[in-house]
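Structure file coords21.cif; described as mmCIF, C-alpha atoms and all ligand atoms.
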data_entry
loop_
_atom_site.label_atom_id
_atom_site.label_comp_id
_atom_site.auth_asym_id
_atom_site.auth_seq_id
_atom_site.Cartn_x
_atom_site.Cartn_y
_atom_site.Cartn_z
CA MET B 36 3.02 25.78 -14.43
CA ARG B 37 4.89 22.51 -14.71
CA ARG B 38 2.78 19.60 -15.83
CA PRO B 39 1.74 17.13 -13.14
CA LEU B 40 3.92 14.01 -13.21
CA LEU B 41 0.97 11.66 -13.78
CA GLU B 42 -0.04 13.64 -16.86
CA ARG B 43 3.42 14.27 -18.31
CA TYR B 44 4.50 10.62 -18.24
CA GLN B 45 1.04 9.06 -18.49
CA GLU B 46 1.96 6.66 -21.29
CA TYR B 47 4.77 5.14 -19.25
CA LEU B 48 2.80 4.75 -16.01
CA PRO B 49 0.30 2.06 -14.94
CA LEU B 50 -2.67 4.45 -14.95
CA THR B 51 -6.28 3.82 -16.00
CA GLU B 52 -9.31 6.02 -16.67
CA GLN B 53 -10.22 5.48 -13.03
CA THR B 54 -6.88 6.66 -11.56
CA PRO B 55 -7.46 10.06 -9.90
CA PRO B 56 -5.08 12.72 -11.36
CA ILE B 57 -3.69 13.94 -8.05
CA THR B 58 -0.67 16.23 -7.74
CA LEU B 59 1.23 18.34 -5.24
CA GLY B 60 3.58 19.67 -7.93
CA GLU B 61 6.06 16.78 -7.93
CA GLY B 62 8.66 16.13 -10.63
CA GLY B 63 10.09 18.55 -13.18
CA THR B 64 13.08 19.14 -10.91
CA PRO B 65 16.11 21.17 -12.07
CA LEU B 66 19.20 19.63 -13.64
CA VAL B 67 21.87 22.10 -12.61
CA ARG B 68 25.31 22.17 -14.18
CA SER B 69 28.29 22.11 -11.81
CA GLU B 70 30.44 25.24 -11.79
CA ARG B 71 33.46 23.89 -9.93
CA LEU B 72 33.43 20.14 -9.32
CA TRP B 73 33.65 19.28 -13.00
CA ARG B 74 36.95 21.17 -13.33
CA GLU B 75 38.44 19.26 -10.43
CA LEU B 76 37.49 15.98 -12.07
CA GLY B 77 38.50 17.00 -15.57
CA THR B 78 35.16 15.79 -16.88
CA SER B 79 33.36 17.59 -19.62
CA GLU B 80 30.16 18.03 -17.63
CA VAL B 81 28.77 17.26 -14.17
CA TYR B 82 25.10 17.89 -13.40
CA PHE B 83 23.10 17.74 -10.19
CA LYS B 84 19.53 16.45 -10.38
CA LEU B 85 17.94 18.46 -7.58
CA GLU B 86 15.30 16.15 -6.16
CA GLY B 87 15.12 18.27 -3.01
CA CYS B 88 12.97 20.61 -5.13
CA ASN B 89 10.04 18.20 -4.93
CA PRO B 90 7.06 19.32 -2.79
CA THR B 91 8.18 17.56 0.40
CA GLY B 92 11.89 18.08 -0.30
CA SER B 93 12.87 14.63 -1.58
CA PHE B 94 12.59 12.27 -4.57
CA LYS B 95 10.05 10.16 -2.70
CA ASP B 96 7.18 12.31 -4.00
CA ARG B 97 7.55 10.87 -7.52
CA GLY B 98 6.75 7.38 -6.34
CA MET B 99 4.30 8.43 -3.69
CA VAL B 100 2.02 10.27 -6.10
CA VAL B 101 1.59 7.09 -8.15
CA ALA B 102 1.24 4.82 -5.09
CA ILE B 103 -1.41 7.08 -3.55
CA ALA B 104 -3.32 7.53 -6.81
CA LYS B 105 -3.46 3.75 -7.20
CA ALA B 106 -4.46 3.29 -3.54
CA LEU B 107 -7.32 5.75 -4.07
CA GLU B 108 -8.33 3.97 -7.26
CA ALA B 109 -8.49 0.70 -5.30
CA GLY B 110 -10.71 2.34 -2.68
CA SER B 111 -8.15 2.41 0.12
CA ARG B 112 -8.65 4.90 2.96
CA PHE B 113 -5.58 4.01 5.01
CA ILE B 114 -1.88 4.08 4.06
CA ALA B 115 1.14 2.98 6.07
CA CYS B 116 4.92 2.86 5.76
CA ALA B 117 8.17 2.44 7.65
CA SER B 118 10.72 5.12 7.01
CA THR B 119 14.06 6.69 7.76
CA GLY B 120 12.12 9.94 7.32
CA ASN B 121 11.60 11.02 3.73
CA THR B 122 9.10 8.34 2.77
CA SER B 123 7.05 9.18 5.86
CA ALA B 124 7.10 12.91 5.06
CA SER B 125 5.94 12.19 1.52
CA ALA B 126 3.25 9.67 2.55
CA ALA B 127 1.98 12.09 5.18
CA ALA B 128 1.72 14.94 2.66
CA TYR B 129 -0.11 12.97 -0.04
CA GLY B 130 -2.24 11.28 2.62
CA ALA B 131 -3.31 14.70 3.90
CA HIS B 132 -3.90 16.00 0.36
CA CYS B 133 -6.19 13.07 -0.38
CA GLY B 134 -7.94 12.80 2.99
CA LEU B 135 -6.42 9.43 3.93
CA THR B 136 -5.40 8.13 7.32
CA THR B 137 -1.60 7.85 7.36
CA LEU B 138 0.44 5.70 9.73
CA VAL B 139 4.24 5.89 9.78
CA LEU B 140 6.71 3.78 11.75
CA VAL B 141 10.09 5.40 12.25
CA PRO B 142 13.21 4.08 14.00
CA LYS B 143 13.28 5.90 17.33
CA GLY B 144 15.91 8.62 17.58
CA SER B 145 17.20 8.06 14.03
CA VAL B 146 15.17 10.48 11.95
CA ALA B 147 16.39 13.98 11.06
CA ALA B 148 14.46 16.83 12.69
CA GLY B 149 12.99 18.29 9.49
CA LYS B 150 11.45 14.98 8.47
CA MET B 151 9.84 14.42 11.87
CA ALA B 152 8.47 17.96 11.71
CA GLN B 153 6.85 17.19 8.36
CA ALA B 154 5.16 13.95 9.46
CA ILE B 155 3.74 15.73 12.49
CA ALA B 156 2.68 18.87 10.61
CA TYR B 157 0.87 16.87 7.91
CA GLY B 158 -1.03 15.11 10.67
CA ALA B 159 0.21 11.53 10.25
CA HIS B 160 0.01 9.02 13.08
CA VAL B 161 3.67 8.57 13.99
CA LEU B 162 5.05 5.61 15.92
CA ALA B 163 8.68 5.68 17.07
CA VAL B 164 9.75 2.03 17.03
CA ASN B 165 12.38 0.86 19.48
CA GLY B 166 14.43 -0.72 16.73
CA ASN B 167 16.10 0.12 13.44
CA PHE B 168 14.53 0.78 10.01
CA ASP B 169 14.79 -2.85 8.89
CA ARG B 170 12.72 -3.97 11.90
CA ALA B 171 10.18 -1.17 11.37
CA LEU B 172 9.73 -2.30 7.77
CA GLN B 173 9.17 -5.93 8.83
CA LEU B 174 6.56 -4.77 11.33
CA VAL B 175 4.62 -2.57 8.92
CA ARG B 176 4.64 -5.28 6.25
CA GLU B 177 3.09 -7.70 8.73
CA LEU B 178 0.65 -5.08 9.92
CA CYS B 179 -0.55 -4.34 6.38
CA SER B 180 -0.98 -8.05 5.63
CA ARG B 181 -3.35 -8.35 8.60
CA HIS B 182 -5.30 -5.08 8.31
CA PRO B 183 -6.92 -3.08 5.50
CA ALA B 184 -4.04 -0.60 5.06
CA THR B 185 -2.09 0.00 1.84
CA LEU B 186 1.66 -0.36 2.24
CA VAL B 187 3.39 2.56 0.49
CA ASN B 188 7.03 1.56 0.99
CA SER B 189 8.94 0.88 -2.21
CA VAL B 190 7.93 -2.81 -2.01
CA ASN B 191 4.69 -1.34 -3.37
CA PRO B 192 5.41 -1.68 -7.12
CA PHE B 193 3.77 1.65 -8.00
CA ARG B 194 6.44 3.53 -6.06
CA LEU B 195 9.28 2.51 -8.39
CA GLU B 196 7.07 3.12 -11.42
CA GLY B 197 6.76 6.74 -10.34
CA GLN B 198 10.41 7.11 -9.38
CA LYS B 199 11.63 5.99 -12.80
CA THR B 200 10.31 9.30 -14.23
CA ALA B 201 13.43 11.03 -12.89
CA ALA B 202 15.49 9.13 -15.48
CA PHE B 203 13.06 10.29 -18.19
CA GLU B 204 13.59 13.90 -17.13
CA VAL B 205 17.38 13.54 -17.24
CA ILE B 206 17.16 12.26 -20.82
CA ASP B 207 14.54 14.86 -21.78
CA ASP B 208 16.86 17.61 -20.48
CA LEU B 209 20.18 16.31 -21.89
CA GLY B 210 18.83 14.87 -25.13
CA ASP B 211 20.39 11.50 -24.25
CA ALA B 212 21.47 9.47 -21.21
CA PRO B 213 24.67 10.59 -19.45
CA ASP B 214 27.80 8.41 -19.36
CA TYR B 215 27.48 7.90 -15.59
CA LEU B 216 24.63 8.22 -13.10
CA CYS B 217 25.80 8.59 -9.48
CA ILE B 218 23.17 7.80 -6.86
CA PRO B 219 22.90 7.05 -3.11
CA VAL B 220 21.74 3.54 -2.20
CA GLY B 221 19.74 2.77 0.94
CA ASN B 222 16.75 0.50 0.48
CA ALA B 223 17.89 0.35 -3.18
CA GLY B 224 14.55 1.31 -4.70
CA ASN B 225 15.77 4.46 -6.42
CA ILE B 226 18.72 2.92 -8.28
CA THR B 227 16.36 0.15 -9.41
CA ALA B 228 13.82 2.73 -10.60
CA TYR B 229 16.35 4.90 -12.47
CA TRP B 230 17.73 1.89 -14.31
CA ARG B 231 14.22 0.88 -15.31
CA GLY B 232 13.56 4.43 -16.51
CA PHE B 233 16.74 4.59 -18.58
CA ARG B 234 16.02 1.20 -20.16
CA THR B 235 12.40 2.09 -20.89
CA TYR B 236 13.33 5.35 -22.64
CA HIS B 237 16.15 3.61 -24.51
CA GLU B 238 13.75 0.96 -25.79
CA ALA B 239 11.28 3.70 -26.77
CA GLY B 240 14.01 5.32 -28.89
CA LYS B 241 14.24 8.43 -26.70
CA ALA B 242 17.89 7.77 -25.81
CA LYS B 243 20.70 6.40 -27.96
CA ARG B 244 22.65 4.93 -25.09
CA LEU B 245 22.45 3.74 -21.49
CA PRO B 246 24.46 5.11 -18.56
CA ARG B 247 26.73 3.17 -16.25
CA MET B 248 25.10 3.14 -12.82
CA LEU B 249 27.34 4.12 -9.90
CA GLY B 250 25.58 3.49 -6.57
CA PHE B 251 27.02 4.45 -3.20
CA GLN B 252 26.27 3.18 0.29
CA ALA B 253 27.65 4.45 3.58
CA GLU B 254 30.51 2.31 4.84
CA GLY B 255 28.74 1.38 8.09
CA SER B 256 25.57 0.43 6.18
CA ALA B 257 26.85 -1.22 3.04
CA PRO B 258 25.17 -4.65 2.74
CA ILE B 259 25.23 -4.69 -1.06
CA VAL B 260 28.95 -3.86 -1.18
CA PHE B 261 29.78 -6.54 1.41
CA GLY B 262 27.33 -9.08 -0.01
CA HIS B 263 25.51 -9.74 3.27
CA PRO B 264 22.98 -7.91 5.48
CA VAL B 265 24.33 -5.54 8.14
CA LYS B 266 22.73 -6.20 11.52
CA ASP B 267 23.38 -2.88 13.21
CA PRO B 268 23.82 -0.32 10.41
CA LYS B 269 25.59 2.91 11.29
CA THR B 270 26.24 6.17 9.46
CA ILE B 271 25.76 9.89 9.88
CA ALA B 272 23.48 9.70 6.82
CA SER B 273 20.39 8.51 8.69
CA ALA B 274 18.29 8.28 5.50
CA ILE B 275 20.40 5.36 4.26
CA ARG B 276 21.02 3.66 7.62
CA ILE B 277 19.58 0.43 6.22
CA GLY B 278 21.06 -3.04 6.72
CA SER B 279 18.82 -5.21 4.58
CA PRO B 280 17.63 -3.38 1.44
CA ALA B 281 14.23 -4.40 0.04
CA SER B 282 15.32 -3.88 -3.59
CA TRP B 283 18.72 -5.58 -3.24
CA LYS B 284 18.29 -7.66 -6.41
CA GLY B 285 17.22 -4.64 -8.44
CA ALA B 286 20.34 -2.73 -7.40
CA VAL B 287 22.64 -5.62 -8.32
CA ALA B 288 20.91 -5.96 -11.70
CA ALA B 289 21.27 -2.21 -12.35
CA ARG B 290 24.97 -2.44 -11.52
CA ASP B 291 25.69 -5.54 -13.58
CA GLU B 292 23.51 -4.82 -16.61
CA SER B 293 24.91 -1.29 -16.92
CA GLY B 294 28.55 -2.25 -16.31
CA GLY B 295 28.54 -0.02 -13.23
CA ARG B 296 29.57 -0.29 -9.61
CA ILE B 297 28.19 -0.15 -6.09
CA ASP B 298 30.77 1.12 -3.64
CA ALA B 299 30.98 2.39 -0.07
CA VAL B 300 31.97 5.83 1.21
CA SER B 301 32.96 6.79 4.76
CA ASP B 302 31.11 9.32 6.89
CA GLU B 303 34.13 11.63 6.52
CA GLU B 304 33.86 11.42 2.73
CA ILE B 305 30.11 12.08 2.95
CA LEU B 306 30.67 15.18 5.09
CA GLU B 307 33.42 16.43 2.77
CA ALA B 308 31.05 16.18 -0.21
CA TYR B 309 28.20 17.70 1.81
CA LYS B 310 30.31 20.78 2.55
CA LEU B 311 31.74 20.99 -0.94
CA LEU B 312 28.28 20.91 -2.50
CA ALA B 313 26.97 23.65 -0.23
CA ARG B 314 30.02 25.90 -0.18
CA GLN B 315 31.35 25.51 -3.71
CA GLU B 316 28.22 24.75 -5.70
CA GLY B 317 25.40 26.38 -3.72
CA VAL B 318 23.64 23.03 -3.44
CA PHE B 319 22.47 22.33 0.12
CA CYS B 320 21.50 18.69 0.45
CA GLU B 321 21.08 16.20 3.25
CA PRO B 322 24.06 13.95 4.04
CA ALA B 323 22.60 10.83 2.37
CA SER B 324 22.33 12.81 -0.88
CA ALA B 325 25.97 13.85 -0.71
CA THR B 326 27.02 10.21 -1.09
CA SER B 327 26.62 10.46 -4.87
CA VAL B 328 29.28 13.16 -5.02
CA ALA B 329 31.40 11.54 -2.27
CA GLY B 330 31.45 8.34 -4.31
CA LEU B 331 32.29 10.13 -7.54
CA LEU B 332 35.23 11.89 -5.85
CA LYS B 333 36.40 8.62 -4.30
CA LEU B 334 36.42 6.76 -7.63
CA ALA B 335 38.25 9.67 -9.25
CA ARG B 336 40.87 9.59 -6.48
CA GLU B 337 41.25 5.86 -7.02
CA GLY B 338 42.14 6.58 -10.61
CA MET B 339 38.89 6.03 -12.50
CA ASP B 340 39.07 8.17 -15.62
CA PHE B 341 36.14 10.56 -15.97
CA ARG B 342 37.79 12.83 -18.52
CA GLY B 343 35.43 13.94 -21.25
CA LYS B 344 32.50 12.18 -19.61
CA ARG B 345 29.05 13.51 -18.87
CA ILE B 346 28.00 12.71 -15.31
CA VAL B 347 24.71 13.19 -13.44
CA CYS B 348 24.69 13.07 -9.62
CA VAL B 349 21.27 12.55 -8.06
CA ILE B 350 20.82 14.90 -5.11
CA THR B 351 17.98 13.05 -3.42
CA GLY B 352 16.90 15.39 -0.62
CA SER B 353 17.08 18.95 0.70
CA GLY B 354 19.59 20.08 3.31
CA LEU B 355 16.74 21.60 5.30
CA LYS B 356 15.73 18.07 6.26
CA ASP B 357 18.67 17.90 8.66
CA PRO B 358 19.28 21.40 10.08
CA ASP B 359 21.13 20.07 13.13
CA LEU B 360 23.96 18.67 11.05
CA ALA B 361 24.65 21.98 9.28
CA GLN B 362 25.07 23.66 12.66
CA GLN B 363 27.29 20.89 14.03
CA ILE B 364 29.79 21.24 11.22
CA ALA B 365 30.08 25.05 11.28
CA ASP B 366 33.78 25.98 11.14
CA VAL B 367 33.36 29.00 13.39
CA PRO B 368 30.75 29.59 16.11
CA LEU B 369 27.95 32.02 15.33
CA GLN B 370 29.25 35.50 16.04
CA GLU B 371 27.09 37.88 18.05
CA VAL B 372 27.31 41.63 17.64
CA SER B 373 25.85 44.71 19.27
CA ALA B 374 23.18 46.45 17.22
CA ASP B 375 25.29 49.46 16.18
CA LEU B 376 27.19 50.18 12.98
CA GLU B 377 30.57 50.54 14.66
CA SER B 378 30.40 47.05 16.13
CA VAL B 379 29.24 45.58 12.84
CA GLU B 380 32.07 47.32 10.94
CA GLU B 381 34.61 46.04 13.42
CA ALA B 382 33.25 42.51 13.19
CA VAL B 383 33.60 42.44 9.40
CA SER B 384 36.83 44.43 9.05
CA SER B 385 38.84 41.39 7.99
CA LEU B 386 36.45 40.62 5.14
CA TRP B 387 37.12 43.69 2.96
CA GLY B 388 39.43 43.14 0.11
CA ARG B 389 39.01 39.39 0.14
C1 LIG A 1 17.59 11.49 0.90
O1 LIG A 1 12.57 7.50 3.55
O2 LIG A 1 14.47 4.74 2.82
O3 LIG A 1 17.96 3.40 -2.08
O4 LIG A 1 12.45 5.51 4.38
O5 LIG A 1 15.84 9.59 2.03
O6 LIG A 1 15.68 4.13 -2.79
O7 LIG A 1 16.16 3.66 -0.39
C2 LIG A 1 14.96 6.97 2.25
C3 LIG A 1 16.02 6.74 1.42
C4 LIG A 1 18.66 8.34 -0.62
C5 LIG A 1 18.00 6.00 -0.52
N1 LIG A 1 18.57 9.62 -0.28
O8 LIG A 1 17.09 5.65 -1.52
C6 LIG A 1 12.99 6.34 3.65
C7 LIG A 1 14.18 5.92 2.88
C8 LIG A 1 17.64 10.05 0.60
C9 LIG A 1 16.75 9.13 1.17
C10 LIG A 1 17.82 7.39 -0.08
C11 LIG A 1 16.85 7.77 0.84
P1 LIG A 1 16.69 4.12 -1.72
#
If you convert what's in this file into structure tokens, what do you get?
Ligand code: AN7
Amino acid sequence: MRRPLLERYQEYLPLTEQTPPITLGEGGTPLVRSERLWRELGTSEVYFKLEGCNPTGSFKDRGMVVAIAKALEAGSRFIACASTGNTSASAAAYGAHCGLTTLVLVPKGSVAAGKMAQAIAYGAHVLAVNGNFDRALQLVRELCSRHPATLVNSVNPFRLEGQKTAAFEVIDDLGDAPDYLCIPVGNAGNITAYWRGFRTYHEAGKAKRLPRMLGFQAEGSAPIVFGHPVKDPKTIASAIRIGSPASWKGAVAARDESGGRIDAVSDEEILEAYKLLARQEGVFCEPASATSVAGLLKLAREGMDFRGKRIVCVITGSGLKDPDLAQQIADVPLQEVSADLESVEEAVSSLWGR
């Protein structure tokens, strides 16, 4: 059994004797080596950090387990968040596991089907706000300041403390930090957390070097790239449809301190990477997660030299979160066949000898 995250990284987390050691099996996610992409790029190694393998299918569980443990320690019985979907799924799961009341505010019509299914199944109180994520976050922040509910968005400092453990795992698996860390950027908490994790392990002598941080936003939702908030953010990657990131400063610091970049990728580039990951690597992720690879490919096309470099792409969430998208982009319609061998043989005749 993999060790619970709170136990494995205890010495680096803000835990006390009174913090309850809760777990749903988060962390310890696979670092899978690319079989094809790395050749295309001429790099020495590309790895995918498969955060979709967390218990609710996204990286959010790492931060949530710490935030919920600390909420329990403080005697809270009520948690709340705004979310583009994954944070709400994670809060709802840990809330259910710990017997808490969970309230989630989601932007109406903008959350992928799998994530809505999770919030409902775990029994959270779900409110569909007639507005975007940024507005939902403002509302829940105000709500939590007026009522006895613990805010579990990444403005809760315990969330990023938990999320930084992913950087520890990358170093533990590779023996050192990679040359580049490619990561999607939405509310900018995760890039902030990874950078903190890399620095912490470096200072502790567990890594000899630090990676350059390469963050990627979707073109229609790229406030950090443009240097100003985006009022009406748009992108197919609903998880990162965020116009005013809460951890903006942290992302800029991660970029500048590491000598990295934050760039934008188009929806077409996101979809190209999404398909490539699934069809050429066997990695099925949600579209927001594919931005790490879309960005890497874009920088390579622009002439950035990745030869001989070791690169880790963070794959933040599972493709099962957004089943509608996979069906929309099918190249051929689903083929029906009569239930007899002759019909099946005829249907597949062109496949032999491929
Ligand atoms: C799959 O769940 O903001 O830059 O409310 O779900 O730390 O925000 C999700 C964000 C990347 C961006 N990939 O991370 C939410 C939410 C996936 C995500 C991000 C999100 P941050």
Please, which residues in chain B fall within 7 Å of ligand LIG 1 (chain A) when counting all atoms listed in the file, and what is the closest atom pair and distance in Å to one decimal for each, ordered by chain then residue number, as a tab-separated table?
residue	atom	partner	partner_atom	distance
B:Ser93	CA	A:LIG1	C1	6.2
B:Ala117	CA	A:LIG1	O4	6.2
B:Ser118	CA	A:LIG1	O4	3.2
B:Thr119	CA	A:LIG1	O4	3.9
B:Gly120	CA	A:LIG1	O1	4.5
B:Asn121	CA	A:LIG1	O1	3.7
B:Thr122	CA	A:LIG1	O1	3.7
B:Ser123	CA	A:LIG1	O1	6.2
B:Pro219	CA	A:LIG1	C4	5.1
B:Val220	CA	A:LIG1	O3	3.8
B:Gly221	CA	A:LIG1	O3	3.6
B:Asn222	CA	A:LIG1	O7	3.3
B:Ala223	CA	A:LIG1	O3	3.2
B:Gly224	CA	A:LIG1	O6	3.6
B:Asn225	CA	A:LIG1	O6	3.6
B:Ile226	CA	A:LIG1	O3	6.3
B:Ala274	CA	A:LIG1	O5	4.4
B:Ile275	CA	A:LIG1	C5	5.4
B:Glu321	CA	A:LIG1	C1	6.3
B:Ala323	CA	A:LIG1	N1	5.0
B:Ser324	CA	A:LIG1	N1	5.0
B:Thr351	CA	A:LIG1	C1	4.6
B:Gly352	CA	A:LIG1	C1	4.2
Near-Asp207 of chain B list (12 Å; only C-alpha atoms; drop same-chain fewer than 3 positions) as a list in words: Arg43, Tyr44, Gly63, Thr64, Pro65, Leu66, Thr200, Ala201, Ala202, Phe203, Glu204, Gly210, Asp211, Ala212, Pro213, Gly232, Phe233, Tyr236, His237, Gly240, Lys241 and Ala242 of chain B
Quick one: residues within 7 Å of Gly92 of chain B, only C-alpha atoms, excluding same-chain residues fewer than 3 positions away - as a list in words?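 Here the qualifying residues turn out to be Gly87, Cys88, Asn89, Gly352 and Ser353 of chain B.
Taking atom CA of Ala152 of chain B as the reference point, atom CA of Tyr309 of chain B is found at 22.1 Å.
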Show me, as a ChimeraX atom specification, the residues that have an atom within 12 Å of Arg74 of chain B when counting all atoms listed in the file, minus same-chain residues fewer than 3 positions from it. /B:68-71,77-81,315,341-344
For Pro142 of chain B, the nearest of the candidates B:Cys348, B:Leu195, B:Leu216, B:Ile277, counting all atoms listed in the file: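 Going through B:Cys348, B:Leu195, B:Leu216, B:Ile277 one by one, the smallest distance to Pro142 of chain B is for B:Ile277.
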Could you jot down the atom CA of His263 of chain B to atom CA of Asp302 of chain B separation for me, Å, one decimal place?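 Interatomic distance, atom CA of His263 of chain B to atom CA of Asp302 of chain B: 20.2 Å.
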Option closest in space to Ala329 of chain B, from B:Ala288, B:Ile218, B:Leu386, B:Leu360 [counting only C-alpha atoms]: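 With only C-alpha atoms as the atom set, the closest residue is B:Ile218.
Rounded to one decimal, atom CA of Tyr47 of chain B and atom CA of Arg234 of chain B lie 12.0 Å from each other.
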With all atoms listed in the file as the counted atoms, please give the residues lying no more than 7 Å from Arg290 of chain B, apart from itself and same-chain residues fewer than 6 positions off, as a ChimeraX atom specification. /B:248,296-297
Would you save the residues of that selection, restricted to C-alpha atoms, as a PDB file, keeping the file's coordinate frame?
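The file below, selection.pdb, is the result:
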ATOM      1  CA  MET B 248      25.100   3.140 -12.820  1.00  0.00           C
ATOM      2  CA  ARG B 296      29.570  -0.290  -9.610  1.00  0.00           C
ATOM      3  CA  ILE B 297      28.190  -0.150  -6.090  1.00  0.00           C
TER       4      ILE B 297
END
Considering only C-alpha atoms, can you say which of B:Leu41, B:Ile350, B:Val67, B:Leu50 comes closest to Asp208 of chain B?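 Using only C-alpha atoms, the shortest distance to Asp208 of chain B belongs to B:Val67.
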Selected residue of minimal separation from Phe168 of chain B among B:Glu303, B:Asp267, B:Asp375, B:Glu238, counting all atoms listed in the file: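 The shortest atom-to-atom distance to Phe168 of chain B comes from B:Asp267.
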Point out the residue among B:Lys95, B:Lys333, B:Arg389, B:Arg176 with the least atom-to-atom distance to Asp298 of chain B, counting only C-alpha atoms.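 That would be B:Lys333, the residue with the smallest distance to Asp298 of chain B.
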Pick from B:Ala159, B:Glu316, B:Gly330, B:Pro358, whichever lies nearest to Leu72 of chain B using all atoms listed in the file: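 Closest to Leu72 of chain B of all the choices is B:Glu316.
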Would you save segment 326-332 of chain B from the block above with all heavy atoms, as a PDB file, in the first residue's frame?
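Here's the written file result_8.pdb:
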ATOM      1  N   THR B 326      -2.510  21.156 -21.887  1.00  0.00           N
ATOM      2  CA  THR B 326      -1.796  22.403 -22.173  1.00  0.00           C
ATOM      3  C   THR B 326      -0.306  22.291 -21.858  1.00  0.00           C
ATOM      4  O   THR B 326       0.499  22.974 -22.491  1.00  0.00           O
ATOM      5  CB  THR B 326      -2.368  23.612 -21.382  1.00  0.00           C
ATOM      6  OG1 THR B 326      -2.308  23.328 -20.002  1.00  0.00           O
ATOM      7  CG2 THR B 326      -3.783  23.930 -21.787  1.00  0.00           C
ATOM      8  N   SER B 327       0.079  21.441 -20.919  1.00  0.00           N
ATOM      9  CA  SER B 327       1.529  21.315 -20.645  1.00  0.00           C
ATOM     10  C   SER B 327       2.249  20.804 -21.883  1.00  0.00           C
ATOM     11  O   SER B 327       3.319  21.307 -22.240  1.00  0.00           O
ATOM     12  CB  SER B 327       1.859  20.405 -19.458  1.00  0.00           C
ATOM     13  OG  SER B 327       0.785  19.814 -18.882  1.00  0.00           O
ATOM     14  N   VAL B 328       1.672  19.806 -22.525  1.00  0.00           N
ATOM     15  CA  VAL B 328       2.306  19.235 -23.716  1.00  0.00           C
ATOM     16  C   VAL B 328       2.125  20.163 -24.918  1.00  0.00           C
ATOM     17  O   VAL B 328       3.045  20.335 -25.735  1.00  0.00           O
ATOM     18  CB  VAL B 328       1.749  17.822 -23.993  1.00  0.00           C
ATOM     19  CG1 VAL B 328       2.199  17.300 -25.341  1.00  0.00           C
ATOM     20  CG2 VAL B 328       2.188  16.863 -22.875  1.00  0.00           C
ATOM     21  N   ALA B 329       0.957  20.798 -25.020  1.00  0.00           N
ATOM     22  CA  ALA B 329       0.728  21.761 -26.112  1.00  0.00           C
ATOM     23  C   ALA B 329       1.771  22.874 -26.046  1.00  0.00           C
ATOM     24  O   ALA B 329       2.326  23.286 -27.067  1.00  0.00           O
ATOM     25  CB  ALA B 329      -0.678  22.344 -26.008  1.00  0.00           C
ATOM     26  N   GLY B 330       2.048  23.347 -24.856  1.00  0.00           N
ATOM     27  CA  GLY B 330       3.012  24.426 -24.681  1.00  0.00           C
ATOM     28  C   GLY B 330       4.426  23.982 -25.010  1.00  0.00           C
ATOM     29  O   GLY B 330       5.184  24.700 -25.677  1.00  0.00           O
ATOM     30  N   LEU B 331       4.759  22.781 -24.570  1.00  0.00           N
ATOM     31  CA  LEU B 331       6.089  22.233 -24.863  1.00  0.00           C
ATOM     32  C   LEU B 331       6.288  22.128 -26.376  1.00  0.00           C
ATOM     33  O   LEU B 331       7.329  22.543 -26.915  1.00  0.00           O
ATOM     34  CB  LEU B 331       6.221  20.856 -24.194  1.00  0.00           C
ATOM     35  CG  LEU B 331       7.494  20.060 -24.471  1.00  0.00           C
ATOM     36  CD1 LEU B 331       8.724  20.811 -23.981  1.00  0.00           C
ATOM     37  CD2 LEU B 331       7.415  18.681 -23.802  1.00  0.00           C
ATOM     38  N   LEU B 332       5.290  21.603 -27.085  1.00  0.00           N
ATOM     39  CA  LEU B 332       5.383  21.470 -28.539  1.00  0.00           C
ATOM     40  C   LEU B 332       5.481  22.838 -29.210  1.00  0.00           C
ATOM     41  O   LEU B 332       6.236  23.021 -30.161  1.00  0.00           O
ATOM     42  CB  LEU B 332       4.159  20.712 -29.071  1.00  0.00           C
ATOM     43  CG  LEU B 332       4.132  19.219 -28.751  1.00  0.00           C
ATOM     44  CD1 LEU B 332       2.779  18.616 -29.110  1.00  0.00           C
ATOM     45  CD2 LEU B 332       5.257  18.493 -29.482  1.00  0.00           C
TER      46      LEU B 332
END
